[in-house]
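All remarks here apply to the structure that follows.
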Amino acid sequence: MATTSKIEWTEQTWNPVTGCTKVSPGCKHCYAETMAVRLQAMGAPGYENGFKVSLMPDRLEQPMGRKKPTVYFVNSMSDLFHEEVPFDYIDRVFDTIRATPHHTYQVLTKRALRMGEYFETRVVPENAWIGVSVEDRKYGKPRIGILQTIKAKTRFLSVEPFLEDLGQIRLKGIHWVIAGGESGQGARPMQAEWVVNVRNQCLEKGVNFFFKQWGAFGEDGAKRNKKANGRVLDGATWDMIPARLLPNSNSAMELRQRLFYNQ
């Protein structure tokens, strides 16, 4: 079933696909892989194959049973545009999205080329936010250009794990940027100046900026528990999110276009 999420920028996760394979450095310490192995050991339904790509057609209609407008992160435990997920199955995922216009769906991928190919002949539903991961210059930044070619009402970037200085990034047609450091065993440090650089570009271009976490290394570079390091950048909590597609929503994640400063 869809589950309540601890991810700061969403409400629930919906996984009509589970499992994935590594494609770039951002995948090195994949939390979904670790979680899938744990769920397999626990005998959890849907993880009999561990982290092998598995289609879950019995989950396709899960959001239809929820009347309350909800923000769903699609496939937190996989990548919808993985090469082993047929286009006709992806069609079924988007059929559910279209059938539930009261919900908002966040679709994030590292496989931008395949996503671009998919949408060459299909229209992105207005309640689907389309995003790509941008963890570094070599693998992440080229995905931005592909995303910008897709006609979508809301496009976003997830700069997490943030692995190196990105320099100048192309933000035309981008509505939201999430940034965050890596956590867990073997986490790679993120430098404060990298984050500030991206934040400043977002503010200059009028793009919503959301700082998710410092991760294992704090603003001062010290290694601690990620909760202790928190998510304050330059003395502020950056929770900028694109305007909600549905103006009458009473969701707890009512989307706002302002900053929430620590008092």
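Residues in the structure tokens are numbered from 1 in each chain, the chains being A, B, ... in the order shown, and ligands are numbered from 1 in the order shown.
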
Which of range 6-197 of chain A DSSP labels strand (DSSP E), written as a ChimeraX atom specification
/A:12-14,17-18,54-55,71-74,104-109,128-133,154-159,176-180

Got time to write the residues from that selection, C-alpha atoms, as a PDB file, in the first residue's frame?
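Below you can see result-v3.pdb, which holds the result:
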```pdb
ATOM      1  CA  GLN A  12       3.111   9.727   0.757  1.00  0.00           C
ATOM      2  CA  THR A  13       5.101   7.281  -1.352  1.00  0.00           C
ATOM      3  CA  TRP A  14       3.512   5.104  -4.026  1.00  0.00           C
ATOM      4  CA  VAL A  17       7.451  -0.652  -9.278  1.00  0.00           C
ATOM      5  CA  THR A  18      10.175  -1.852  -6.901  1.00  0.00           C
ATOM      6  CA  SER A  54       9.574  -5.925 -10.203  1.00  0.00           C
ATOM      7  CA  LEU A  55       6.252  -4.618 -11.515  1.00  0.00           C
ATOM      8  CA  VAL A  71       1.233  14.668  -2.630  1.00  0.00           C
ATOM      9  CA  TYR A  72       2.698  11.334  -3.791  1.00  0.00           C
ATOM     10  CA  PHE A  73       6.350  10.608  -4.513  1.00  0.00           C
ATOM     11  CA  VAL A  74       6.151   7.959  -7.242  1.00  0.00           C
ATOM     12  CA  THR A 104      -0.209  15.649  -7.001  1.00  0.00           C
ATOM     13  CA  TYR A 105       2.467  13.196  -8.176  1.00  0.00           C
ATOM     14  CA  GLN A 106       6.222  13.765  -8.063  1.00  0.00           C
ATOM     15  CA  VAL A 107       8.054  11.585 -10.606  1.00  0.00           C
ATOM     16  CA  LEU A 108      11.853  11.619 -10.263  1.00  0.00           C
ATOM     17  CA  THR A 109      14.314   9.750 -12.492  1.00  0.00           C
ATOM     18  CA  ALA A 128       2.385  15.218 -12.442  1.00  0.00           C
ATOM     19  CA  TRP A 129       5.619  16.988 -11.498  1.00  0.00           C
ATOM     20  CA  ILE A 130       8.514  15.678 -13.600  1.00  0.00           C
ATOM     21  CA  GLY A 131      12.053  15.746 -12.215  1.00  0.00           C
ATOM     22  CA  VAL A 132      15.614  14.488 -12.643  1.00  0.00           C
ATOM     23  CA  SER A 133      18.428  13.792 -10.199  1.00  0.00           C
ATOM     24  CA  THR A 154       6.042  21.594 -13.190  1.00  0.00           C
ATOM     25  CA  ARG A 155       9.655  20.477 -13.662  1.00  0.00           C
ATOM     26  CA  PHE A 156      12.077  19.951 -10.794  1.00  0.00           C
ATOM     27  CA  LEU A 157      15.648  18.973  -9.952  1.00  0.00           C
ATOM     28  CA  SER A 158      16.773  16.853  -7.018  1.00  0.00           C
ATOM     29  CA  VAL A 159      20.377  17.704  -6.184  1.00  0.00           C
ATOM     30  CA  TRP A 176      11.756  23.731  -8.173  1.00  0.00           C
ATOM     31  CA  VAL A 177      15.179  22.636  -6.929  1.00  0.00           C
ATOM     32  CA  ILE A 178      15.672  20.294  -3.963  1.00  0.00           C
ATOM     33  CA  ALA A 179      19.163  20.040  -2.460  1.00  0.00           C
ATOM     34  CA  GLY A 180      20.538  17.774   0.216  1.00  0.00           C
TER      35      GLY A 180
END
```

Excluding Lys138 in chain A and residues on its chain fewer than 6 positions from it, collect all residues at most 10 Å away from it, counting only C-alpha atoms, and give them as a ChimeraX atom specification.
/A:24-25,166

Closest of A:Arg114, A:His103, A:Lys28, A:Arg66 to Phe81 in chain A - atom-to-atom distances counting only C-alpha atoms
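Of the candidates, the smallest distance to Phe81 in chain A is held by A:Arg114.
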
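The space separating CA of Asp239 in chain A from CA of Met35 in chain A comes to 26.6 Å.
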
Can you work out which one of A:Lys52, A:Arg199, A:Lys205, A:Arg38 has the shortest atom-to-atom distance to Cys20 in chain A, counting only C-alpha atoms?
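For Cys20 in chain A, the nearest of the candidates is A:Lys52.
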
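With only C-alpha atoms as the atoms that count, the minimum distance from Asp79 in chain A to the choices A:Arg170, A:Arg188, A:Lys226, A:Lys110 is reached by A:Lys110.
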
From a DSSP pass on the backbone, collect the residues of range 65-185 of chain A flagged as alpha helix (DSSP H) and hand them back as a PyMOL selection string.
chain A and resi 87-99+112-118+141-148

Take the residues that were just selected and, keeping C-alpha atoms, output them as a PDB file, in the first residue's frame.
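The resulting selection05.pdb:
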```
ATOM      1  CA  PHE A  87       6.195   1.765 -21.714  1.00  0.00           C
ATOM      2  CA  ASP A  88       2.767   0.152 -21.631  1.00  0.00           C
ATOM      3  CA  TYR A  89       3.145  -0.357 -17.883  1.00  0.00           C
ATOM      4  CA  ILE A  90       4.258   3.265 -17.451  1.00  0.00           C
ATOM      5  CA  ASP A  91       1.093   4.170 -19.375  1.00  0.00           C
ATOM      6  CA  ARG A  92      -0.925   2.414 -16.674  1.00  0.00           C
ATOM      7  CA  VAL A  93       0.835   4.407 -13.959  1.00  0.00           C
ATOM      8  CA  PHE A  94      -0.037   7.653 -15.723  1.00  0.00           C
ATOM      9  CA  ASP A  95      -3.598   6.441 -16.284  1.00  0.00           C
ATOM     10  CA  THR A  96      -3.960   6.370 -12.499  1.00  0.00           C
ATOM     11  CA  ILE A  97      -2.413   9.833 -12.239  1.00  0.00           C
ATOM     12  CA  ARG A  98      -4.897  11.225 -14.756  1.00  0.00           C
ATOM     13  CA  ALA A  99      -7.780   9.480 -13.009  1.00  0.00           C
ATOM     14  CA  ALA A 112      16.251  11.220 -18.374  1.00  0.00           C
ATOM     15  CA  LEU A 113      16.853   9.909 -21.893  1.00  0.00           C
ATOM     16  CA  ARG A 114      14.222   7.219 -21.511  1.00  0.00           C
ATOM     17  CA  MET A 115      11.804   9.652 -19.923  1.00  0.00           C
ATOM     18  CA  GLY A 116      12.347  12.018 -22.846  1.00  0.00           C
ATOM     19  CA  GLU A 117      11.682   9.186 -25.292  1.00  0.00           C
ATOM     20  CA  TYR A 118       8.486   8.257 -23.455  1.00  0.00           C
ATOM     21  CA  LYS A 141      23.799  18.162 -15.352  1.00  0.00           C
ATOM     22  CA  PRO A 142      23.103  16.656 -18.820  1.00  0.00           C
ATOM     23  CA  ARG A 143      19.776  15.402 -17.485  1.00  0.00           C
ATOM     24  CA  ILE A 144      18.609  18.990 -17.003  1.00  0.00           C
ATOM     25  CA  GLY A 145      18.641  19.746 -20.711  1.00  0.00           C
ATOM     26  CA  ILE A 146      16.555  16.671 -21.471  1.00  0.00           C
ATOM     27  CA  LEU A 147      14.026  17.610 -18.786  1.00  0.00           C
ATOM     28  CA  GLN A 148      13.714  21.098 -20.274  1.00  0.00           C
TER      29      GLN A 148
END
```

If you measure from CA of Gly230 in chain A to CA of Trp214 in chain A, what distance in Å do you get, rounded to one decimal?
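Calculated distance between CA of Gly230 in chain A and CA of Trp214 in chain A is 6.2 Å.
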
Of the residues A:Val53, A:Leu60, A:Ala152, A:Ile241, which is the one nearest to Phe119 in chain A, using only C-alpha atoms?
A:Ala152

Suppose you want the space between CA of Gly50 in chain A and CA of His82 in chain A; what is it in Å?
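Taking CA of Gly50 in chain A and CA of His82 in chain A, their separation equals 16.1 Å.
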
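Between Arg137 in chain A and the residues A:Pro45, A:Gly26, A:Thr21, A:Val85, the shortest atom-to-atom distance, using only C-alpha atoms, involves A:Gly26.
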
Nearest to Pro101 in chain A, chosen from A:Thr121, A:Asn229, A:Thr70, A:Ser76, with only C-alpha atoms counted in the distances
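Smallest distance to Pro101 in chain A is found for A:Thr70.
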
Residues near Glu164 in chain A, anyone? I mean within 9 Å using only C-alpha atoms, not counting same-chain ones fewer than 5 positions away, as an MDAnalysis selection string.
chainID A and resid 135:137 190:191 194

Neighbour list for Leu39 in chain A as JSON, numbers by chain, cut-off 10 Å, only C-alpha atoms, skip fewer than 5 positions in-chain
{"A": [33, 34, 44, 45, 46, 47, 48, 50, 51]}

Those residues with N, CA and C atoms, as a PDB file, in the first residue's frame please?
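Below is the file out-v2.pdb, written as the result:
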```pdb
ATOM      1  N   GLU A  33      17.909   0.420  -2.017  1.00  0.00           N
ATOM      2  CA  GLU A  33      18.485  -0.922  -2.082  1.00  0.00           C
ATOM      3  C   GLU A  33      18.641  -1.513  -0.692  1.00  0.00           C
ATOM      4  N   THR A  34      19.164  -0.725   0.226  1.00  0.00           N
ATOM      5  CA  THR A  34      19.322  -1.187   1.612  1.00  0.00           C
ATOM      6  C   THR A  34      17.973  -1.547   2.221  1.00  0.00           C
ATOM      7  N   ALA A  44       8.322  -8.919   3.666  1.00  0.00           N
ATOM      8  CA  ALA A  44       7.335  -7.909   3.289  1.00  0.00           C
ATOM      9  C   ALA A  44       6.822  -8.155   1.879  1.00  0.00           C
ATOM     10  N   PRO A  45       5.507  -8.050   1.668  1.00  0.00           N
ATOM     11  CA  PRO A  45       4.938  -8.249   0.325  1.00  0.00           C
ATOM     12  C   PRO A  45       5.525  -7.250  -0.671  1.00  0.00           C
ATOM     13  N   GLY A  46       5.865  -7.749  -1.863  1.00  0.00           N
ATOM     14  CA  GLY A  46       6.402  -6.888  -2.902  1.00  0.00           C
ATOM     15  C   GLY A  46       7.915  -6.885  -2.973  1.00  0.00           C
ATOM     16  N   TYR A  47       8.564  -7.506  -1.978  1.00  0.00           N
ATOM     17  CA  TYR A  47      10.028  -7.500  -1.960  1.00  0.00           C
ATOM     18  C   TYR A  47      10.599  -8.914  -1.955  1.00  0.00           C
ATOM     19  N   GLU A  48       9.811  -9.849  -2.482  1.00  0.00           N
ATOM     20  CA  GLU A  48      10.276 -11.228  -2.591  1.00  0.00           C
ATOM     21  C   GLU A  48      11.531 -11.325  -3.452  1.00  0.00           C
ATOM     22  N   GLY A  50      13.805  -8.981  -3.616  1.00  0.00           N
ATOM     23  CA  GLY A  50      14.802  -8.039  -3.120  1.00  0.00           C
ATOM     24  C   GLY A  50      14.794  -6.753  -3.915  1.00  0.00           C
ATOM     25  N   PHE A  51      15.941  -6.403  -4.510  1.00  0.00           N
ATOM     26  CA  PHE A  51      16.036  -5.147  -5.250  1.00  0.00           C
ATOM     27  C   PHE A  51      16.040  -5.365  -6.762  1.00  0.00           C
TER      28      PHE A  51
END
```
